[in-house]
Every structure is written in C-alpha cells, then in structure tokens.
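Text of the file model_21.cif, holding mmCIF, C-alpha atoms and all ligand atoms:
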```
data_input
#
loop_
_atom_site.label_atom_id
_atom_site.label_comp_id
_atom_site.auth_asym_id
_atom_site.auth_seq_id
_atom_site.Cartn_x
_atom_site.Cartn_y
_atom_site.Cartn_z
CA MET A 1278 119.17 81.43 88.19
CA TRP A 1279 116.24 80.77 90.49
CA ALA A 1280 115.00 84.30 89.87
CA THR A 1281 114.81 83.83 86.12
CA ALA A 1282 111.31 83.73 84.70
CA MET A 1283 109.64 81.35 82.37
CA THR A 1284 111.27 78.03 83.11
CA ALA A 1285 108.69 75.31 83.21
CA MET A 1286 108.87 73.84 86.70
CA ARG A 1287 107.61 70.35 87.17
CA ALA A 1288 108.78 68.90 90.42
CA THR A 1289 107.57 65.38 91.03
CA ALA A 1290 105.21 64.62 93.90
CA ARG A 1291 108.09 62.92 95.70
CA ASP A 1292 110.03 66.21 95.70
CA ARG A 1293 107.19 68.00 97.41
CA PRO A 1294 106.54 68.27 101.09
CA ASN A 1295 103.15 67.65 102.61
CA THR A 1296 101.60 66.19 99.49
CA LEU A 1297 98.17 64.62 99.52
CA GLY A 1298 98.31 62.44 96.43
CA ALA A 1299 95.89 62.21 93.53
CA GLY A 1300 93.28 60.07 95.27
CA VAL A 1301 92.76 62.57 98.05
CA ALA A 1302 92.59 65.55 95.69
CA VAL A 1303 89.99 63.87 93.47
CA LYS A 1304 87.90 62.99 96.50
CA ARG A 1305 88.06 66.60 97.69
CA ILE A 1306 86.90 67.83 94.27
CA GLN A 1307 83.93 65.48 94.39
CA GLU A 1308 83.09 66.62 97.89
CA ASN A 1309 82.87 70.18 96.56
CA MET A 1310 79.93 69.30 94.33
CA ASP A 1311 76.36 68.66 95.42
CA ASN A 1312 74.04 66.25 93.58
CA ASN A 1313 73.35 68.88 90.90
CA ASN A 1314 77.07 69.44 90.36
CA ASN A 1315 76.90 72.84 92.06
CA LEU A 1316 79.92 74.06 93.93
CA MET A 1317 79.84 73.75 97.70
CA ILE A 1318 82.43 75.48 99.86
CA PRO A 1319 83.78 72.96 102.39
CA ALA A 1320 83.11 74.10 105.97
CA ALA A 1321 86.63 73.00 106.95
CA LEU A 1322 88.05 75.47 104.43
CA VAL A 1323 85.92 78.31 105.77
CA ASP A 1324 87.16 77.41 109.28
CA LYS A 1325 90.77 77.68 108.09
CA LEU A 1326 90.16 81.02 106.36
CA VAL A 1327 88.37 82.54 109.34
CA ALA A 1328 91.11 81.40 111.73
CA ALA A 1329 93.98 82.48 109.45
CA GLN A 1330 96.33 85.18 110.69
CA HIS A 1331 97.92 85.67 107.28
CA ILE A 1332 96.32 84.83 103.93
CA THR A 1333 98.55 84.93 100.86
CA VAL A 1334 97.08 84.89 97.36
CA LEU A 1335 98.79 84.19 94.04
CA THR A 1336 96.82 85.08 90.93
CA GLY A 1337 97.34 84.35 87.25
CA ALA A 1338 95.63 85.22 83.99
CA GLY A 1339 92.51 83.19 84.92
CA VAL A 1340 91.40 85.78 87.48
CA SER A 1341 91.03 88.32 84.65
CA ALA A 1342 89.42 85.92 82.16
CA GLU A 1343 85.89 86.89 83.21
CA SER A 1344 86.77 90.54 82.56
CA GLY A 1345 87.49 89.57 78.94
CA VAL A 1346 91.30 89.45 79.11
CA PRO A 1347 92.56 86.33 77.32
CA THR A 1348 94.69 83.88 79.31
CA PHE A 1349 97.96 82.58 77.87
CA ARG A 1350 97.61 78.83 77.73
CA ASP A 1351 93.91 78.03 77.37
CA ALA A 1352 93.48 76.11 74.13
CA GLN A 1353 92.03 78.27 71.35
CA THR A 1354 91.44 81.46 73.40
CA GLY A 1355 94.88 81.64 75.07
CA LEU A 1356 97.32 84.22 73.71
CA TRP A 1357 100.05 81.61 73.26
CA ALA A 1358 97.65 79.53 71.15
CA GLN A 1359 97.46 82.40 68.67
CA TYR A 1360 100.85 84.10 68.93
CA SER A 1361 104.37 82.84 69.33
CA PRO A 1362 105.95 83.87 72.65
CA THR A 1363 109.40 83.70 71.10
CA GLU A 1364 108.38 86.29 68.48
CA LEU A 1365 106.69 88.62 70.96
CA ALA A 1366 107.82 88.17 74.53
CA SER A 1367 111.59 88.01 74.67
CA PRO A 1368 114.42 90.57 74.52
CA GLU A 1369 115.62 88.86 71.33
CA ALA A 1370 112.19 89.39 69.74
CA PHE A 1371 112.27 93.09 70.64
CA ALA A 1372 115.79 93.48 69.29
CA ARG A 1373 114.75 91.74 66.06
CA ASN A 1374 111.46 93.52 65.47
CA PRO A 1375 110.74 96.29 68.01
CA GLN A 1376 107.77 97.59 66.04
CA LEU A 1377 105.98 94.24 66.00
CA VAL A 1378 106.50 93.70 69.73
CA TRP A 1379 105.50 97.28 70.61
CA ASN A 1380 102.32 97.03 68.54
CA TRP A 1381 101.37 93.72 70.13
CA TYR A 1382 101.61 95.21 73.62
CA GLU A 1383 99.74 98.31 72.38
CA MET A 1384 96.92 96.00 71.25
CA ARG A 1385 96.85 94.36 74.70
CA ARG A 1386 96.90 97.75 76.44
CA ARG A 1387 93.92 98.93 74.42
CA LEU A 1388 92.04 95.73 75.24
CA VAL A 1389 92.73 96.03 78.98
CA GLU A 1390 91.69 99.72 78.96
CA GLN A 1391 88.29 98.67 77.69
CA VAL A 1392 87.54 96.06 80.36
CA GLU A 1393 86.63 96.27 84.03
CA PRO A 1394 87.69 94.31 87.10
CA ASN A 1395 85.30 91.44 87.82
CA ALA A 1396 83.67 89.95 90.91
CA GLY A 1397 86.80 87.86 91.60
CA HIS A 1398 89.05 90.93 91.77
CA ARG A 1399 86.52 92.68 94.00
CA ALA A 1400 86.16 89.70 96.34
CA LEU A 1401 89.93 89.80 96.94
CA VAL A 1402 89.60 93.43 98.07
CA GLU A 1403 86.98 92.27 100.59
CA LEU A 1404 89.14 89.36 101.68
CA ALA A 1405 92.02 91.76 102.36
CA ALA A 1406 89.74 93.78 104.63
CA ILE A 1407 88.69 90.69 106.62
CA ALA A 1408 92.08 88.97 107.03
CA PRO A 1409 94.39 90.16 109.85
CA GLN A 1410 97.28 90.04 107.36
CA PHE A 1411 96.91 89.71 103.63
CA THR A 1412 99.36 89.55 100.73
CA LEU A 1413 98.33 89.63 97.09
CA ILE A 1414 100.93 88.42 94.59
CA THR A 1415 100.09 88.51 90.91
CA GLN A 1416 101.66 87.32 87.69
CA ASN A 1417 99.27 89.57 85.80
CA VAL A 1418 100.38 92.76 84.12
CA ASP A 1419 96.88 94.15 83.50
CA GLY A 1420 96.53 96.25 86.68
CA LEU A 1421 92.96 95.01 87.25
CA HIS A 1422 93.59 94.14 90.91
CA GLN A 1423 94.67 97.72 91.56
CA ARG A 1424 91.71 99.11 89.61
CA ALA A 1425 89.39 96.97 91.77
CA GLY A 1426 90.93 98.60 94.86
CA SER A 1427 93.64 96.16 95.95
CA VAL A 1428 96.66 97.85 97.49
CA ASN A 1429 100.29 96.77 97.91
CA VAL A 1430 99.95 94.24 95.09
CA ILE A 1431 103.21 92.39 94.48
CA GLU A 1432 103.62 92.29 90.70
CA LEU A 1433 106.02 89.55 89.63
CA HIS A 1434 105.92 90.01 85.86
CA GLY A 1435 105.84 93.80 85.53
CA GLY A 1436 103.07 96.10 84.34
CA LEU A 1437 101.50 96.71 80.95
CA PHE A 1438 101.19 100.45 81.61
CA ARG A 1439 104.77 101.08 82.68
CA TYR A 1440 107.72 101.54 80.35
CA ARG A 1441 111.51 101.64 80.43
CA CYS A 1442 114.33 102.10 78.00
CA TYR A 1443 115.61 98.97 76.29
CA GLU A 1444 119.12 100.51 76.16
CA CYS A 1445 119.68 102.42 79.42
CA ASP A 1446 116.89 100.82 81.49
CA MET A 1447 115.61 104.20 82.75
CA PRO A 1448 111.88 104.25 83.58
CA VAL A 1449 110.02 106.33 80.99
CA THR A 1450 106.45 107.70 81.14
CA ALA A 1451 104.16 108.22 78.15
CA GLN A 1452 104.28 112.00 78.81
CA GLU A 1453 108.05 112.02 78.27
CA TRP A 1454 108.29 110.71 74.75
CA GLN A 1455 107.58 112.44 71.47
CA THR A 1456 104.64 110.95 69.61
CA GLY A 1457 105.36 109.45 66.24
CA ALA A 1458 108.12 106.89 66.57
CA ILE A 1459 107.14 103.27 67.12
CA PRO A 1460 108.46 102.27 69.54
CA PRO A 1461 108.93 105.66 71.18
CA LYS A 1462 112.44 106.92 71.91
CA CYS A 1463 113.96 107.28 75.38
CA PRO A 1464 114.27 110.98 76.35
CA THR A 1465 117.56 110.21 78.14
CA CYS A 1466 119.54 108.19 75.59
CA GLY A 1467 117.39 107.94 72.46
CA GLY A 1468 117.08 104.13 72.73
CA ASN A 1469 113.87 102.25 72.06
CA VAL A 1470 111.27 102.33 74.83
CA ARG A 1471 109.94 98.90 75.82
CA PRO A 1472 107.08 97.76 78.05
CA ASP A 1473 108.12 97.13 81.66
CA ILE A 1474 107.19 93.47 81.36
CA ILE A 1475 109.34 90.52 82.37
CA TRP A 1476 110.03 88.63 79.17
CA PHE A 1477 111.09 85.02 78.72
CA GLY A 1478 114.63 84.58 80.00
CA GLU A 1479 114.63 87.79 82.07
CA SER A 1480 114.99 88.07 85.83
CA LEU A 1481 112.07 88.95 88.04
CA PRO A 1482 112.25 92.10 90.20
CA GLU A 1483 114.34 90.88 93.13
CA ARG A 1484 112.57 92.75 95.92
CA ASN A 1485 109.09 91.66 94.77
CA LEU A 1486 110.25 88.10 94.46
CA ALA A 1487 111.73 88.13 97.96
CA LEU A 1488 108.49 89.59 99.37
CA ALA A 1489 106.46 86.94 97.52
CA PHE A 1490 108.55 84.08 98.90
CA GLN A 1491 108.44 85.52 102.40
CA ALA A 1492 104.64 85.93 102.31
CA SER A 1493 104.26 82.37 101.00
CA ARG A 1494 106.50 81.02 103.72
CA VAL A 1495 104.73 82.68 106.64
CA CYS A 1496 101.07 82.46 105.65
CA ASP A 1497 98.65 79.95 107.14
CA VAL A 1498 96.36 79.88 104.09
CA PHE A 1499 97.59 80.22 100.49
CA LEU A 1500 95.18 80.64 97.58
CA SER A 1501 96.40 79.84 94.06
CA ILE A 1502 93.89 81.39 91.69
CA GLY A 1503 93.64 81.16 87.91
CA THR A 1504 97.17 80.08 87.15
CA SER A 1505 98.38 77.06 85.21
CA GLY A 1506 101.45 76.99 87.48
CA VAL A 1507 103.90 76.22 84.71
CA VAL A 1508 106.00 79.37 84.94
CA ALA A 1509 108.75 79.49 87.54
CA PRO A 1510 109.50 80.90 90.00
CA ALA A 1511 105.85 81.85 90.68
CA SER A 1512 104.89 78.18 90.34
CA SER A 1513 106.98 77.28 93.39
CA LEU A 1514 105.20 79.69 95.76
CA PRO A 1515 102.36 77.27 96.73
CA TYR A 1516 105.01 74.64 97.51
CA GLU A 1517 106.80 77.14 99.73
CA ALA A 1518 103.51 77.49 101.62
CA LEU A 1519 102.98 73.71 101.76
CA SER A 1520 106.46 73.23 103.15
CA ASN A 1521 105.42 75.42 106.06
CA HIS A 1522 102.23 73.34 106.53
CA ALA A 1523 99.92 76.07 105.27
CA THR A 1524 96.50 75.17 103.88
CA VAL A 1525 96.84 75.50 100.11
CA VAL A 1526 93.71 76.10 98.03
CA GLU A 1527 93.50 75.95 94.26
CA ILE A 1528 90.72 77.86 92.47
CA ASN A 1529 90.62 76.97 88.79
CA PRO A 1530 88.07 75.42 86.40
CA LYS A 1531 90.79 73.06 85.17
CA GLU A 1532 93.26 70.67 86.69
CA THR A 1533 96.85 71.81 87.12
CA GLU A 1534 99.91 70.20 88.60
CA LEU A 1535 99.01 71.78 91.96
CA THR A 1536 95.64 70.02 91.97
CA TYR A 1537 97.33 66.88 93.28
CA ASP A 1538 99.08 68.63 96.13
CA ALA A 1539 96.57 71.27 97.19
CA THR A 1540 94.72 70.82 100.48
CA PHE A 1541 91.46 71.99 98.86
CA VAL A 1542 90.56 72.32 95.19
CA LEU A 1543 87.63 74.48 94.15
CA ARG A 1544 86.76 73.81 90.52
CA GLY A 1545 85.21 76.75 88.71
CA PRO A 1546 85.61 80.37 87.71
CA ALA A 1547 87.22 82.73 90.22
CA GLY A 1548 84.49 85.32 89.64
CA GLN A 1549 81.96 82.92 91.14
CA ILE A 1550 84.01 81.05 93.71
CA LEU A 1551 85.74 84.00 95.40
CA PRO A 1552 82.56 85.97 96.20
CA ALA A 1553 80.99 82.73 97.52
CA LEU A 1554 84.03 82.10 99.70
CA VAL A 1555 84.02 85.62 101.15
CA ALA A 1556 80.25 85.45 101.75
CA LYS A 1557 80.71 82.22 103.75
CA MET A 1558 83.45 83.85 105.84
CA LYS A 1559 81.23 86.82 106.60
CA GLN A 1560 78.42 84.52 107.77
CA ARG A 1561 80.66 83.20 110.57
P1 LIG A 1601 97.90 80.62 81.93
O1 LIG A 1601 97.24 81.06 80.68
O2 LIG A 1601 99.09 79.73 81.80
O3 LIG A 1601 96.85 79.88 82.86
C1 LIG A 1601 95.59 80.44 83.12
C2 LIG A 1601 94.87 79.53 84.08
O4 LIG A 1601 93.63 80.16 84.41
C3 LIG A 1601 94.53 78.15 83.51
O5 LIG A 1601 94.91 77.15 84.44
C4 LIG A 1601 93.01 78.19 83.35
O6 LIG A 1601 92.39 76.93 83.56
C5 LIG A 1601 92.62 79.18 84.44
N1 LIG A 1601 91.34 79.87 84.23
C6 LIG A 1601 90.70 80.16 83.07
N2 LIG A 1601 89.56 80.83 83.30
C7 LIG A 1601 89.48 80.98 84.67
C8 LIG A 1601 88.53 81.60 85.55
N3 LIG A 1601 87.43 82.21 85.09
N4 LIG A 1601 88.76 81.55 86.87
C9 LIG A 1601 89.87 80.92 87.36
N5 LIG A 1601 90.80 80.33 86.58
C10 LIG A 1601 90.61 80.36 85.25
O7 LIG A 1601 98.25 81.96 82.76
P2 LIG A 1601 99.30 82.14 83.93
O8 LIG A 1601 99.38 80.95 84.79
O9 LIG A 1601 98.97 83.45 84.57
O10 LIG A 1601 103.97 85.89 81.66
O11 LIG A 1601 100.65 82.29 83.13
C11 LIG A 1601 101.84 82.64 83.78
C12 LIG A 1601 102.66 83.58 82.92
O12 LIG A 1601 102.87 83.00 81.63
C13 LIG A 1601 102.02 84.91 82.64
O13 LIG A 1601 102.23 85.85 83.68
C14 LIG A 1601 102.68 85.34 81.36
C15 LIG A 1601 102.77 84.04 80.61
O14 LIG A 1601 103.82 83.90 79.73
C16 LIG A 1601 104.24 87.17 81.27
O15 LIG A 1601 103.52 87.84 80.57
C17 LIG A 1601 105.51 87.72 81.76
#
```
As structure tokens, how would this structure be written, given the file I've shared?
Amino acid sequence: MWATAMTAMRATARDRPNTLGAGVAVKRIQENMDNNNNLMIPAALVDKLVAAQHITVLTGAGVSAESGVPTFRDAQTGLWAQYSPTELASPEAFARNPQLVWNWYEMRRRLVEQVEPNAGHRALVELAAIAPQFTLITQNVDGLHQRAGSVNVIELHGGLFRYRCYECDMPVTAQEWQTGAIPPKCPTCGGNVRPDIIWFGESLPERNLALAFQASRVCDVFLSIGTSGVVAPASSLPYEALSNHATVVEINPKETELTYDATFVLRGPAGQILPALVAKMKQR
C-alpha cells in the first residue's frame, strides 16, 4: 500500500522527527529577506551545501512553471483547477473514455514540446556537477530535467513521452503503432495504448521508489523544490531525510506542510533561487 500514489499524506508535526515548529520556520523565512524584501541566501545554508557529500533533490510541477508548464494545484492556473483528475488521470477514466484521456495527454505533450527548460532546471545540472554525490528525484513527467542535461533522473510518476499497452502492459513506441486510431492500438495484442504515467490509485515503479527512499535516507542535504507535498509517497521523502538529521530545504513561493519542518525555507521561484544558490556555492 505504501507504494500507491496519490494518497494525501498529512502527518502531524508530532509524528515527525527533528521538527522545528512554526515559529522557527517563520523566523527563518524573515531572515531570508533583506529590508527591500529581496531574497538572501543564508550563509549557514551555503556552508551545508558546500560541505555536503550527498545532495538529494525532489522536484514537483513548480520547477517547470517558469517554462510555461502549468502546475496541478495552483488556484486558477493549476491543471486540477480546470480539469477533474477523476475524469482524466485514473485507470477508470481511461476505461470509461479512452479518447478523452488520450487527447488530454496529447494536449499536454504538445504544450511541453513547445517549451524549454528554465534556469532552475539548468542550475540543478550545475549543482550535480559540484556535489560529490547527487540524486535528482522528480514527480514531473515533462522530461525537462533531462532536456536541460540532468542524467540518471529518478522519475516517480512516469513520463509523458513514453507509452504502454493498457491491456498487456507492453511498452509501445510511437513508431510501432498505426496512425489513425485514438488511442492507438498495441502492436502486440491490439489493446488501447495509454501514456506511461502513474495515475491515481496506481503503484509507483518499485525500483525508482526504492532508489528515491534510499537517496533521501543517506543524503546530508535534501532540497524540496516546487512541490505542494500532498501526494504520497513522494511527500514522505523529505521526512525520510529529516529522520536521518539531514538539512532539509524548501524552495517554493508558497507555504506547504513542509514549511514548518524544513531546516531552511527559501520563498520564491525556483528559476531565481536555484541559480543564486549555485552561484553562492561557486564563490566559496
Ligand atoms: P502541485 O501543483 O501540487 O504543486 C506545485 C507547487 O509548486 C506549489 O506548491 C506551488 O506553490 C509551487 N510553485 C509554483 N510556481 C513555482 C516556481 N516558479 N518555483 C517553485 N515552486 C513553484 O504539483 P506537485 O507537487 O508536483 O501527478 O504535484 C504532485 C503530483 O500531483 C504530480 O506529479 C501529479 C499530480 O497529480 C501525476 O501526474 C502522476
């Protein structure tokens, strides 16, 4: 059960190890701003990053927002504010109306094809080059980390540009199916082809999940970037890091549940904060 996606996970502060409490987190946020409300990177955080042997990063939709890819839960602009996840992102939805679901993912694929990785994605490539060990875990299916140059990305929720058969589960490539049918038909069994995305109620890829937990457990700095942290099991990864006394950093313009437990909170867009963070590390 723990490997099943999409369960809102809201542990209370008492359940969490190494918590700081709201007062401390709010103070840290204020310390990150100068008198003109500009972001300042705390020197203590730069110290931690420079000294880190293993940096683990978890990203969510927010890291791609500045590329023009909509997030899921931002009011108004978020995909789930405009579309119903139960009608579009579940096996039941696909069984009920495969054409509707296929077309919705087609629309998202076309959108992602037209955008470029942003400064946040690129800064993570630089960070990987600086850190002795580096693990990038993403909930995103857009492939923008890879297009920016990140390697060995652990994808937890699948990929928008990969496909498999809904019936026999065989991986299928776009070259293998006949054009015309929507959704396309599996060349092996004739079943409907579906996007290789983890839908609500489905299990995450076991190996990737195990690697993600392991990297969260052993790192000394964990960055949670652009995720609302409401979808399990990804949402528990920062707590795995905290339980091992890692420094946990949240980068997000908005408050999340993690805000109250993170060691450092950097309020703002990833595309600005991440390059600033990497620049500070390089100055050391
Ligand atoms: P959400 O849409 O839930 O959260 C996006 C987060 O990004 C929010 O906390 C925003 O405040 C933040 N954000 C917005 N702009 C940002 C920026 N420029 N820089 C940094 N942060 C920014 O997206 P996820 O947490 O990724 O599942 O959602 C998790 C999963 O729920 C997704 O992987 C998706 C969805 O259902 C699947 O598609 C399988």
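Comparing A:Pro1409, A:Gly1435, A:Pro1515, A:Gly1468 by their smallest distance to Asn1485 of chain A, the closest is A:Gly1435 (using all atoms listed in the file).
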To one decimal in Å, tell me the separation between atom CA of Gly1345 of chain A and atom CA of Thr1540 of chain A.
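These two atoms are separated by 29.5 Å.
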Counting all atoms listed in the file, which residue out of A:Gln1416, A:Gln1359, A:Thr1456, A:Gln1410 sits closest to ligand LIG 1601 (chain A)?
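Counting all atoms listed in the file, the residue closest to ligand LIG 1601 (chain A) is A:Gln1416.
When all atoms listed in the file are used to compute distances to Ala1489 of chain A, the closest of the residues A:Gly1397, A:Pro1368, A:Pro1510, A:Gly1548 turns out to be A:Pro1510.
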Please report, as a Markdown table, each residue of chain A lying at most 7 Å from ligand LIG 1601 (chain A), together with the nearest pair of atoms and the separation in Å rounded to one decimal; use all atoms listed in the file, and order rows by chain and ascending residue number.
```
| residue | atom | partner | partner_atom | distance |
| --- | --- | --- | --- | --- |
| A:Met1283 | CA | A:LIG1601 | O14 | 6.9 |
| A:Thr1336 | CA | A:LIG1601 | O9 | 6.9 |
| A:Gly1337 | CA | A:LIG1601 | O9 | 3.3 |
| A:Ala1338 | CA | A:LIG1601 | O9 | 3.8 |
| A:Gly1339 | CA | A:LIG1601 | O4 | 3.3 |
| A:Val1340 | CA | A:LIG1601 | N4 | 5.0 |
| A:Ala1342 | CA | A:LIG1601 | N3 | 5.1 |
| A:Glu1343 | CA | A:LIG1601 | N3 | 5.3 |
| A:Thr1348 | CA | A:LIG1601 | O1 | 4.0 |
| A:Phe1349 | CA | A:LIG1601 | O1 | 3.3 |
| A:Arg1350 | CA | A:LIG1601 | O1 | 3.7 |
| A:Asp1351 | CA | A:LIG1601 | O1 | 5.6 |
| A:Gly1355 | CA | A:LIG1601 | O1 | 6.1 |
| A:Gln1416 | CA | A:LIG1601 | O13 | 4.3 |
| A:Asn1417 | CA | A:LIG1601 | O13 | 5.2 |
| A:Val1418 | CA | A:LIG1601 | O15 | 6.8 |
| A:His1434 | CA | A:LIG1601 | C17 | 4.7 |
| A:Ile1474 | CA | A:LIG1601 | C17 | 6.0 |
| A:Ile1475 | CA | A:LIG1601 | C17 | 4.8 |
| A:Trp1476 | CA | A:LIG1601 | C17 | 5.3 |
| A:Phe1477 | CA | A:LIG1601 | C17 | 6.9 |
| A:Ile1502 | CA | A:LIG1601 | C9 | 5.9 |
| A:Gly1503 | CA | A:LIG1601 | N5 | 3.2 |
| A:Thr1504 | CA | A:LIG1601 | O8 | 3.3 |
| A:Ser1505 | CA | A:LIG1601 | O5 | 3.6 |
| A:Gly1506 | CA | A:LIG1601 | O8 | 5.2 |
| A:Val1507 | CA | A:LIG1601 | O8 | 6.5 |
| A:Val1508 | CA | A:LIG1601 | C11 | 5.4 |
| A:Ile1528 | CA | A:LIG1601 | C9 | 6.0 |
| A:Asn1529 | CA | A:LIG1601 | N5 | 4.0 |
| A:Pro1530 | CA | A:LIG1601 | O6 | 5.4 |
| A:Lys1531 | CA | A:LIG1601 | O6 | 4.5 |
| A:Thr1533 | CA | A:LIG1601 | O5 | 6.3 |
| A:Gly1545 | CA | A:LIG1601 | N4 | 6.2 |
| A:Pro1546 | CA | A:LIG1601 | N4 | 3.5 |
| A:Ala1547 | CA | A:LIG1601 | N4 | 3.9 |
| A:Gly1548 | CA | A:LIG1601 | N3 | 6.2 |
```
Have a look at atom CA of Ala1511 of chain A and atom CA of Thr1450 of chain A and let me know their distance in Å, one decimal.
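According to the coordinates, atom CA of Ala1511 of chain A and atom CA of Thr1450 of chain A are separated by 27.6 Å.
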Distance in Å - atom CA of Ser1520 of chain A versus atom CA of Gln1330 of chain A
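Here the two named atoms are 17.4 Å from each other.
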So which one's closest to Leu1488 of chain A, A:Val1378, A:Leu1514, A:Ala1396, A:Val1346? Using only C-alpha atoms, please.
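Once distances to Leu1488 of chain A are computed over only C-alpha atoms, the minimum belongs to A:Leu1514.
Distance annotation: of A:Ile1318, A:Ala1492, A:Leu1433, A:Leu1500, the residue with the minimal separation from Leu1401 of chain A is A:Leu1500; atom set is all atoms listed in the file.
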The residues within 6 Å of (95.2, 78.8, 102.5), using all atoms listed in the file and the coordinates of the file, should be reported as an mmCIF file with C-alpha atoms, in the coordinates of the input; which are they?
```cif
data_model
loop_
_atom_site.group_PDB
_atom_site.id
_atom_site.type_symbol
_atom_site.label_atom_id
_atom_site.label_comp_id
_atom_site.auth_asym_id
_atom_site.auth_seq_id
_atom_site.Cartn_x
_atom_site.Cartn_y
_atom_site.Cartn_z
ATOM 1 C CA ASP A 1497 98.650 79.950 107.140
ATOM 2 C CA VAL A 1498 96.360 79.880 104.090
ATOM 3 C CA PHE A 1499 97.590 80.220 100.490
ATOM 4 C CA LEU A 1500 95.180 80.640 97.580
ATOM 5 C CA THR A 1524 96.500 75.170 103.880
ATOM 6 C CA VAL A 1525 96.840 75.500 100.110
ATOM 7 C CA VAL A 1526 93.710 76.100 98.030
#
```
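Closest approach to His1422 of chain A among A:Ala1352, A:Leu1335, A:Cys1496, A:Leu1377 is made by A:Leu1335 (distances from only C-alpha atoms).
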Write out as a PyMOL selection string the residues lying within 9 Å of Leu1421 of chain A, counting only C-alpha atoms and excluding same-chain residues fewer than 3 positions away.
chain A and resi 1341+1344+1389+1392-1395+1398+1417-1418+1424-1427
With 8 Å of padding per side, what axis-aligned box (centre and edge lengths, Å, one decimal) covers all the listed atoms of segment 1395-1401 of chain A? Give it as JSON.
```
{"center_x": 86.8, "center_y": 90.3, "center_z": 92.4, "size_x": 22.3, "size_y": 20.8, "size_z": 25.1}
```
